[in-house]
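*Asks:* my_file-v3.pdb is reproduced in full below (PDB, C-alpha atoms and all ligand atoms).
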```pdb
MODEL        1
ATOM      1  CA  MET A   1      29.099  38.910 -29.378
ATOM      2  CA  ASN A   2      29.589  37.131 -26.075
ATOM      3  CA  ALA A   3      26.372  38.603 -24.738
ATOM      4  CA  PHE A   4      24.549  37.437 -27.860
ATOM      5  CA  VAL A   5      25.879  33.872 -27.517
ATOM      6  CA  LEU A   6      24.959  33.923 -23.871
ATOM      7  CA  ALA A   7      21.439  35.091 -24.633
ATOM      8  CA  ILE A   8      20.959  32.360 -27.236
ATOM      9  CA  ALA A   9      22.428  29.779 -24.876
ATOM     10  CA  SER A  10      20.150  30.758 -22.029
ATOM     11  CA  LEU A  11      17.179  30.752 -24.422
ATOM     12  CA  ILE A  12      18.047  27.194 -25.475
ATOM     13  CA  LEU A  13      18.502  26.226 -21.848
ATOM     14  CA  PHE A  14      15.127  27.743 -21.009
ATOM     15  CA  PHE A  15      13.390  25.678 -23.696
ATOM     16  CA  LEU A  16      15.221  22.546 -22.609
ATOM     17  CA  GLN A  17      14.095  23.090 -19.040
ATOM     18  CA  CYS A  18      10.501  23.608 -20.157
ATOM     19  CA  THR A  19      10.597  20.370 -22.122
ATOM     20  CA  ALA A  20      12.099  18.536 -19.167
ATOM     21  CA  ALA A  21       9.398  19.945 -16.895
ATOM     22  CA  ASP A  22       6.698  18.876 -19.361
ATOM     23  CA  LEU A  23       8.148  15.401 -19.517
ATOM     24  CA  ARG A  24       8.230  15.229 -15.745
ATOM     25  CA  SER A  25       4.623  16.242 -15.376
ATOM     26  CA  ASP A  26       3.654  13.660 -18.030
ATOM     27  CA  LEU A  27       5.386  11.010 -15.991
ATOM     28  CA  HIS A  28       3.858  12.084 -12.720
ATOM     29  CA  PRO A  29       0.328  13.170 -13.615
ATOM     30  CA  SER A  30      -1.487  12.553 -10.381
ATOM     31  CA  SER A  31       1.208  13.339  -7.848
ATOM     32  CA  ASN A  32       1.310  16.940  -8.953
ATOM     33  CA  GLN A  33      -2.390  17.213  -8.442
ATOM     34  CA  TYR A  34      -2.736  15.415  -5.115
ATOM     35  CA  ALA A  35      -0.464  14.413  -2.246
ATOM     36  CA  LEU A  36       2.862  12.937  -3.322
ATOM     37  CA  GLY A  37       2.689   9.226  -3.973
ATOM     38  CA  TYR A  38       1.899   6.353  -6.278
ATOM     39  CA  TYR A  39      -1.478   6.471  -8.027
ATOM     40  CA  GLU A  40      -3.022   4.462 -10.871
ATOM     41  CA  GLY A  41      -1.216   5.425 -14.069
ATOM     42  CA  ASP A  42       2.002   6.553 -12.378
ATOM     43  CA  PRO A  43       5.243   4.940 -13.521
ATOM     44  CA  LEU A  44       6.302   1.602 -12.058
ATOM     45  CA  PRO A  45       9.513  -0.358 -12.588
ATOM     46  CA  SER A  46       8.899  -3.159 -15.098
ATOM     47  CA  LYS A  47       8.707  -6.803 -14.004
ATOM     48  CA  THR A  48       8.354  -5.741 -10.389
ATOM     49  CA  ALA A  49       5.492  -6.706  -8.096
ATOM     50  CA  PHE A  50       4.768  -4.708  -4.961
ATOM     51  CA  LEU A  51       2.720  -6.865  -2.606
ATOM     52  CA  THR A  52       0.617  -4.821  -0.190
ATOM     53  CA  PHE A  53      -1.588  -6.066   2.650
ATOM     54  CA  ASP A  54      -4.290  -3.883   4.180
ATOM     55  CA  ASP A  55      -6.478  -3.901   7.292
ATOM     56  CA  GLY A  56      -4.355  -6.106   9.571
ATOM     57  CA  PRO A  57      -2.884  -7.208  11.786
ATOM     58  CA  SER A  58      -5.159 -10.192  12.379
ATOM     59  CA  ASP A  59      -4.876 -13.859  13.335
ATOM     60  CA  TRP A  60      -3.703 -14.556   9.770
ATOM     61  CA  THR A  61      -0.866 -12.058   9.593
ATOM     62  CA  SER A  62       1.783 -14.328  11.119
ATOM     63  CA  GLU A  63       0.995 -17.001   8.521
ATOM     64  CA  VAL A  64       1.304 -14.414   5.753
ATOM     65  CA  LEU A  65       4.730 -13.616   7.225
ATOM     66  CA  ASP A  66       5.580 -17.350   7.154
ATOM     67  CA  VAL A  67       4.819 -17.492   3.425
ATOM     68  CA  LEU A  68       6.819 -14.338   2.688
ATOM     69  CA  LYS A  69       9.770 -15.692   4.645
ATOM     70  CA  GLU A  70       9.632 -19.020   2.851
ATOM     71  CA  GLU A  71       9.503 -17.210  -0.507
ATOM     72  CA  ASN A  72      12.073 -14.605   0.533
ATOM     73  CA  VAL A  73       9.771 -11.756  -0.480
ATOM     74  CA  LYS A  74       9.394  -8.385   1.284
ATOM     75  CA  ALA A  75       6.016  -6.664   1.364
ATOM     76  CA  THR A  76       4.214  -3.597   2.657
ATOM     77  CA  PHE A  77       1.530  -3.747   5.353
ATOM     78  CA  PHE A  78      -0.963  -0.917   5.879
ATOM     79  CA  VAL A  79      -2.166  -1.371   9.433
ATOM     80  CA  CYS A  80      -5.162  -0.213  11.483
ATOM     81  CA  GLY A  81      -5.199  -0.117  15.282
ATOM     82  CA  ALA A  82      -8.957  -0.353  15.753
ATOM     83  CA  TRP A  83     -10.518  -1.745  12.619
ATOM     84  CA  LEU A  84     -11.031  -5.397  13.481
ATOM     85  CA  PRO A  85     -14.420  -6.010  15.084
ATOM     86  CA  GLN A  86     -14.290  -5.753  18.877
ATOM     87  CA  LYS A  87     -14.885  -9.491  19.304
ATOM     88  CA  SER A  88     -11.704 -10.194  17.327
ATOM     89  CA  ARG A  89      -9.454  -8.032  19.430
ATOM     90  CA  SER A  90      -8.956  -7.017  23.000
ATOM     91  CA  GLY A  91      -7.848  -3.429  23.500
ATOM     92  CA  ASN A  92      -6.319  -2.501  20.173
ATOM     93  CA  SER A  93      -4.919  -4.622  17.353
ATOM     94  CA  PHE A  94      -1.372  -3.330  17.842
ATOM     95  CA  GLN A  95      -1.396  -4.540  21.430
ATOM     96  CA  LYS A  96      -2.979  -7.883  20.576
ATOM     97  CA  TYR A  97      -0.595  -8.603  17.703
ATOM     98  CA  ARG A  98       2.470  -6.857  19.050
ATOM     99  CA  ASP A  99       4.781  -9.853  18.544
ATOM    100  CA  THR A 100       3.624 -10.281  14.949
ATOM    101  CA  LEU A 101       4.243  -6.597  14.244
ATOM    102  CA  ILE A 102       7.722  -6.770  15.764
ATOM    103  CA  ARG A 103       8.476  -9.796  13.616
ATOM    104  CA  MET A 104       7.157  -7.913  10.555
ATOM    105  CA  ARG A 105       9.722  -5.176  11.045
ATOM    106  CA  LYS A 106      12.557  -7.559  11.936
ATOM    107  CA  GLU A 107      11.965  -9.525   8.739
ATOM    108  CA  GLY A 108      12.338  -6.430   6.597
ATOM    109  CA  HIS A 109       8.752  -5.599   5.711
ATOM    110  CA  VAL A 110       7.498  -2.033   5.520
ATOM    111  CA  VAL A 111       4.614  -0.783   7.675
ATOM    112  CA  GLY A 112       2.275   2.017   6.622
ATOM    113  CA  ASN A 113      -0.683   3.896   8.089
ATOM    114  CA  HIS A 114      -4.217   2.789   7.078
ATOM    115  CA  THR A 115      -5.952   4.989   9.713
ATOM    116  CA  LEU A 116      -7.172   3.975  13.133
ATOM    117  CA  GLY A 117     -10.721   2.878  12.363
ATOM    118  CA  HIS A 118     -10.871   2.603   8.563
ATOM    119  CA  PRO A 119     -13.336   5.415   7.755
ATOM    120  CA  ASN A 120     -14.040   6.796   4.289
ATOM    121  CA  LEU A 121     -11.976   9.994   4.364
ATOM    122  CA  ALA A 122     -13.920  11.596   1.517
ATOM    123  CA  ASN A 123     -16.670  12.816   3.803
ATOM    124  CA  MET A 124     -14.599  13.923   6.763
ATOM    125  CA  SER A 125     -13.281  17.284   7.906
ATOM    126  CA  GLU A 126      -9.559  17.957   7.718
ATOM    127  CA  ALA A 127      -9.292  17.797  11.506
ATOM    128  CA  ARG A 128     -10.962  14.386  11.694
ATOM    129  CA  ILE A 129      -8.824  12.964   8.882
ATOM    130  CA  GLU A 130      -5.735  14.181  10.691
ATOM    131  CA  ARG A 131      -6.888  12.572  13.943
ATOM    132  CA  GLN A 132      -7.494   9.208  12.242
ATOM    133  CA  LEU A 133      -3.909   9.171  10.995
ATOM    134  CA  ASP A 134      -2.265  10.669  14.077
ATOM    135  CA  GLU A 135      -4.103   8.427  16.542
ATOM    136  CA  ASN A 136      -3.195   5.321  14.580
ATOM    137  CA  GLU A 137       0.454   6.289  14.482
ATOM    138  CA  ARG A 138       0.490   7.283  18.156
ATOM    139  CA  LEU A 139      -1.000   3.920  19.156
ATOM    140  CA  TYR A 140       1.380   2.006  16.911
ATOM    141  CA  ARG A 141       4.389   3.766  18.368
ATOM    142  CA  LYS A 142       3.129   3.403  21.909
ATOM    143  CA  GLU A 143       2.580  -0.362  21.600
ATOM    144  CA  LEU A 144       5.667  -1.096  19.521
ATOM    145  CA  GLY A 145       8.026   1.330  21.233
ATOM    146  CA  GLU A 146      11.619   0.815  20.124
ATOM    147  CA  TYR A 147      10.411  -1.550  17.379
ATOM    148  CA  SER A 148       8.404   1.188  15.688
ATOM    149  CA  GLU A 149       9.196   4.009  13.349
ATOM    150  CA  LYS A 150       7.344   6.978  11.971
ATOM    151  CA  LEU A 151       4.656   5.762   9.566
ATOM    152  CA  THR A 152       5.660   7.699   6.466
ATOM    153  CA  LEU A 153       3.484   5.729   4.045
ATOM    154  CA  LEU A 154      -0.279   6.149   3.856
ATOM    155  CA  ARG A 155      -3.100   4.294   2.223
ATOM    156  CA  PRO A 156      -6.564   5.800   2.559
ATOM    157  CA  PRO A 157      -9.262   3.211   3.424
ATOM    158  CA  PHE A 158     -11.092   1.924   0.296
ATOM    159  CA  GLY A 159      -8.592   3.968  -1.715
ATOM    160  CA  SER A 160     -11.097   6.774  -1.262
ATOM    161  CA  PRO A 161     -11.364   9.421  -2.621
ATOM    162  CA  TYR A 162      -8.774   8.716  -5.341
ATOM    163  CA  ASN A 163     -10.264   5.612  -6.936
ATOM    164  CA  ARG A 164     -13.800   6.922  -6.804
ATOM    165  CA  ASN A 165     -15.783   9.203  -8.981
ATOM    166  CA  LEU A 166     -15.818  12.049  -6.467
ATOM    167  CA  SER A 167     -15.502  15.786  -6.789
ATOM    168  CA  GLU A 168     -12.130  17.444  -7.189
ATOM    169  CA  GLU A 169     -12.978  19.481  -4.119
ATOM    170  CA  LYS A 170     -13.149  16.311  -1.989
ATOM    171  CA  LYS A 171      -9.949  14.927  -3.475
ATOM    172  CA  LYS A 172      -8.113  18.165  -2.821
ATOM    173  CA  ARG A 173      -9.423  18.447   0.742
ATOM    174  CA  VAL A 174      -8.278  14.931   1.677
ATOM    175  CA  SER A 175      -4.994  15.500  -0.154
ATOM    176  CA  SER A 176      -4.307  18.680   1.790
ATOM    177  CA  VAL A 177      -4.096  16.584   4.970
ATOM    178  CA  LEU A 178      -2.386  13.527   3.490
ATOM    179  CA  GLN A 179       0.405  15.551   1.943
ATOM    180  CA  LYS A 180       1.364  16.831   5.384
ATOM    181  CA  LYS A 181       1.345  13.331   6.852
ATOM    182  CA  GLY A 182       3.182  11.123   4.402
ATOM    183  CA  ILE A 183       3.405   9.529   0.992
ATOM    184  CA  VAL A 184       0.319   7.909  -0.498
ATOM    185  CA  PHE A 185       0.677   4.428  -1.934
ATOM    186  CA  MET A 186      -2.348   3.258  -3.918
ATOM    187  CA  TRP A 187      -2.536   0.012  -5.914
ATOM    188  CA  SER A 188      -2.975  -1.065  -9.531
ATOM    189  CA  LYS A 189      -6.710  -1.266 -10.157
ATOM    190  CA  ALA A 190      -6.475  -4.450 -12.219
ATOM    191  CA  PHE A 191      -4.492  -6.113  -9.432
ATOM    192  CA  ASP A 192      -6.940  -5.858  -6.572
ATOM    193  CA  SER A 193      -6.865  -9.487  -5.434
ATOM    194  CA  SER A 194     -10.554  -9.129  -4.467
ATOM    195  CA  ASP A 195      -9.804 -11.294  -1.425
ATOM    196  CA  SER A 196     -12.106  -9.166   0.730
ATOM    197  CA  LYS A 197     -15.107 -10.061  -1.446
ATOM    198  CA  GLU A 198     -17.272 -13.186  -1.176
ATOM    199  CA  TRP A 199     -16.281 -14.481   2.216
ATOM    200  CA  VAL A 200     -16.462 -18.255   2.407
ATOM    201  CA  ARG A 201     -17.949 -20.209   5.274
ATOM    202  CA  GLY A 202     -16.010 -19.733   8.475
ATOM    203  CA  GLU A 203     -13.763 -17.040   7.012
ATOM    204  CA  TRP A 204     -13.067 -14.473   9.687
ATOM    205  CA  TYR A 205     -10.288 -12.330  11.141
ATOM    206  CA  GLU A 206      -9.735 -15.028  13.733
ATOM    207  CA  LYS A 207      -8.929 -18.671  13.365
ATOM    208  CA  GLY A 208     -11.955 -20.820  13.992
ATOM    209  CA  PRO A 209     -13.200 -24.374  13.674
ATOM    210  CA  ARG A 210     -15.602 -23.592  10.841
ATOM    211  CA  ILE A 211     -12.893 -22.887   8.291
ATOM    212  CA  ASN A 212     -12.396 -25.743   5.881
ATOM    213  CA  ILE A 213      -9.637 -25.026   3.380
ATOM    214  CA  GLU A 214     -10.524 -28.199   1.497
ATOM    215  CA  SER A 215     -14.090 -27.060   0.823
ATOM    216  CA  ASP A 216     -15.137 -26.320  -2.762
ATOM    217  CA  ARG A 217     -15.997 -22.727  -1.971
ATOM    218  CA  PHE A 218     -12.682 -22.090  -0.246
ATOM    219  CA  ARG A 219     -10.811 -23.575  -3.226
ATOM    220  CA  ALA A 220     -13.006 -21.631  -5.670
ATOM    221  CA  LYS A 221     -12.150 -18.380  -3.936
ATOM    222  CA  MET A 222      -8.455 -19.221  -4.063
ATOM    223  CA  ASP A 223      -8.780 -19.979  -7.800
ATOM    224  CA  ARG A 224     -10.584 -16.717  -8.414
ATOM    225  CA  ILE A 225      -7.856 -14.694  -6.662
ATOM    226  CA  TYR A 226      -5.108 -16.618  -8.443
ATOM    227  CA  MET A 227      -6.656 -16.063 -11.883
ATOM    228  CA  LYS A 228      -7.314 -12.409 -11.211
ATOM    229  CA  LEU A 229      -3.675 -11.780 -10.303
ATOM    230  CA  THR A 230      -1.896 -13.944 -12.841
ATOM    231  CA  SER A 231      -3.953 -13.637 -16.031
ATOM    232  CA  LYS A 232      -3.065 -10.024 -16.845
ATOM    233  CA  THR A 233       0.676  -9.896 -16.219
ATOM    234  CA  ASP A 234       2.801  -9.062 -19.232
ATOM    235  CA  GLY A 235       5.951  -7.785 -17.587
ATOM    236  CA  GLN A 236       4.502  -4.471 -16.423
ATOM    237  CA  GLY A 237       5.100  -3.195 -12.890
ATOM    238  CA  ILE A 238       2.193  -3.976 -10.555
ATOM    239  CA  VAL A 239       1.010  -3.036  -7.073
ATOM    240  CA  ILE A 240      -1.122  -5.881  -5.719
ATOM    241  CA  LEU A 241      -3.787  -5.288  -3.084
ATOM    242  CA  PHE A 242      -4.288  -8.077  -0.555
ATOM    243  CA  HIS A 243      -5.811  -8.123   2.927
ATOM    244  CA  ASP A 244      -4.003 -10.072   5.633
ATOM    245  CA  THR A 245      -7.358 -10.608   7.321
ATOM    246  CA  HIS A 246      -8.415 -13.664   5.267
ATOM    247  CA  PRO A 247      -7.300 -17.294   5.394
ATOM    248  CA  THR A 248      -7.872 -17.600   1.626
ATOM    249  CA  THR A 249      -5.209 -14.910   1.117
ATOM    250  CA  LYS A 250      -2.441 -16.716   2.969
ATOM    251  CA  GLU A 251      -3.389 -20.007   1.278
ATOM    252  CA  VAL A 252      -3.254 -18.642  -2.271
ATOM    253  CA  LEU A 253      -0.242 -16.374  -1.666
ATOM    254  CA  PRO A 254       2.536 -18.936  -2.336
ATOM    255  CA  PHE A 255       0.944 -19.912  -5.661
ATOM    256  CA  VAL A 256       0.698 -16.282  -6.780
ATOM    257  CA  ILE A 257       4.313 -15.570  -5.777
ATOM    258  CA  GLU A 258       5.598 -18.723  -7.492
ATOM    259  CA  LYS A 259       3.776 -17.854 -10.729
ATOM    260  CA  LEU A 260       5.130 -14.291 -10.726
ATOM    261  CA  LYS A 261       8.643 -15.598 -10.083
ATOM    262  CA  GLU A 262       8.259 -17.978 -13.027
ATOM    263  CA  GLU A 263       7.453 -14.972 -15.196
ATOM    264  CA  GLY A 264      10.620 -13.263 -14.022
ATOM    265  CA  TYR A 265       9.046 -10.848 -11.561
ATOM    266  CA  LYS A 266      11.038  -9.302  -8.719
ATOM    267  CA  PHE A 267       9.411  -8.066  -5.539
ATOM    268  CA  GLY A 268       9.690  -4.744  -3.750
ATOM    269  CA  THR A 269       8.277  -2.702  -0.890
ATOM    270  CA  ALA A 270       6.835   0.801  -1.013
ATOM    271  CA  GLU A 271      10.235   1.981   0.265
ATOM    272  CA  ASP A 272      11.921   0.328  -2.710
ATOM    273  CA  TYR A 273       9.445   2.195  -4.888
ATOM    274  CA  ALA A 274      10.384   5.548  -3.317
ATOM    275  CA  LYS A 275      14.062   4.841  -3.925
ATOM    276  CA  TRP A 276      13.358   3.895  -7.530
ATOM    277  CA  ARG A 277      11.167   6.901  -8.236
ATOM    278  CA  TRP A 278      12.664   9.691  -6.145
ATOM    279  CA  GLY A 279      16.078   8.253  -5.341
ATOM    280  CA  LYS A 280      15.368   8.620  -1.619
ATOM    281  CA  THR A 281      13.704   6.967   1.344
ATOM    282  CA  THR A 282      10.177   8.170   2.143
ATOM    283  CA  LYS A 283      11.586   9.851   5.248
ATOM    284  CA  GLU A 284      14.066  11.836   3.155
ATOM    285  CA  VAL A 285      11.385  12.769   0.623
ATOM    286  CA  LEU A 286       9.204  14.111   3.440
ATOM    287  CA  GLU A 287      12.019  16.052   5.054
ATOM    288  CA  GLU A 288      12.563  18.090   1.902
TER     289      GLU A 288
HETATM  290 ZN    ZN A 301      -8.662  -1.276   4.068
ENDMDL
END
```
Translate this file's structure into structure tokens.

*Replies:*
Amino acid sequence: MNAFVLAIASLILFFLQCTAADLRSDLHPSSNQYALGYYEGDPLPSKTAFLTFDDGPSDWTSEVLDVLKEENVKATFFVCGAWLPQKSRSGNSFQKYRDTLIRMRKEGHVVGNHTLGHPNLANMSEARIERQLDENERLYRKELGEYSEKLTLLRPPFGSPYNRNLSEEKKKRVSSVLQKKGIVFMWSKAFDSSDSKEWVRGEWYEKGPRINIESDRFRAKMDRIYMKLTSKTDGQGIVILFHDTHPTTKEVLPFVIEKLKEEGYKFGTAEDYAKWRWGKTTKEVLEE
């Protein structure tokens, strides 16, 4: 009798486990397929906005930090050591903007790896992809020293290959490297601020005399970004893509944050996301 009950019980348990596993894979469709991370369609905590800034640091990054400080919002920055055009940096970007990067960490923001030179990983060999990530991290740690940490979060340049209509073979090849290196953090497609499109007169990685924030085109670009980011919010979790390489971005940022706050949004970093989703820091997730 006992053996029979036990058999039934373990059968029930088996089915329960299967159902739980099915539910889990429904909730995490893409992570099972590719490197661990957040991808379009993955779960997000409701009424939470994750602000992310790619491609920096640049001349504008410290002003982005000013806005975030004023608004008491923490964000995630995916940095490149050698992406800015040569005329906008001497040596590497981490050296040029070392103080800004130190401040970034001190003020509680999270820093992730966006590769050294911003190539499209889809067409590269595993060894070259690995070098792009390793070199960027090595440079970051060398320049920042005690103010740096392992870059456990990754964002592939252009979001490629994940947000592109590319072969599974390419996606799997890139993923095979990324999953060894960290946790991927993509963004919500509908919440690409589009700040890197339609540059206005004088807009550049560096501050310059030709920028006129009062000009119609500058204001129009700000309006476009603002509308794009605030017209589709209905309480869902969102990962916003910005670039801290544009003056329009830092100008429109306070308005976007204020509007989201009005709607009851809270703000989080990619580390907050890891804690929410896996109950651990990215470092702990990777050590498993
Ligand atoms: Zn980028």

*Asks:* Nearest to A:Lys197 among A:Val73, A:Met104, A:Ile225, A:Ile240, with distances taken over only C-alpha atoms: which residue is it?

*Replies:* A:Ile225

*Asks:* Give the answer as one residue: which of A:Pro119, A:Gly37, A:Pro157, A:Pro43 has the shortest atom-to-atom distance to ligand ZN 301 (chain A), using all atoms listed in the file?

*Replies:* A:Pro157

*Asks:* Check which residues satisfy the PyMOL selection byres (((chain A and resi 286) around 8) and not hetatm) in the file shown, then give them as an MDAnalysis selection string.

*Replies:* chainID A and resid 152 182:183 282:285 287:288

*Asks:* Could you save the residues just selected, with C-alpha atoms, as a CSV table (one decimal), keeping the file's coordinate frame?

*Replies:*
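Listed below is the output, result.csv:
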```
chain,number,residue,atom,x,y,z
A,152,THR,CA,5.7,7.7,6.5
A,182,GLY,CA,3.2,11.1,4.4
A,183,ILE,CA,3.4,9.5,1.0
A,282,THR,CA,10.2,8.2,2.1
A,283,LYS,CA,11.6,9.9,5.2
A,284,GLU,CA,14.1,11.8,3.2
A,285,VAL,CA,11.4,12.8,0.6
A,287,GLU,CA,12.0,16.1,5.1
A,288,GLU,CA,12.6,18.1,1.9
```

*Asks:* Give me, as JSON, numbers by chain, the set of residues whose atoms come within 12 Å of any atom of ligand ZN 301 (chain A), counting only C-alpha atoms and all ligand atoms.

*Replies:* {"A": [52, 53, 54, 55, 56, 57, 77, 78, 79, 80, 81, 82, 83, 84, 112, 113, 114, 115, 116, 117, 118, 119, 120, 121, 154, 155, 156, 157, 158, 159, 160, 186, 187, 192, 194, 195, 196, 241, 242, 243, 244, 245]}

*Asks:* Measuring between all atoms listed in the file, which one of A:Glu169, A:Glu271, A:Glu263, A:Asp216 shows the shortest distance to A:Arg201?

*Replies:*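 Under the stated criterion, the closest residue is A:Asp216.
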
*Asks:* Kindly resolve the PyMOL selection byres (((chain A and resi 128) around 12) and not hetatm) on the present coordinates and return the residues as a PyMOL selection string.

*Replies:* chain A and resi 115-117+119-127+129-135+173-174+177-178

*Asks:* Using Å and a single decimal, report how far atom CA of A:Glu40 sits from atom CA of A:Gly108.

*Replies:* 25.7 Å
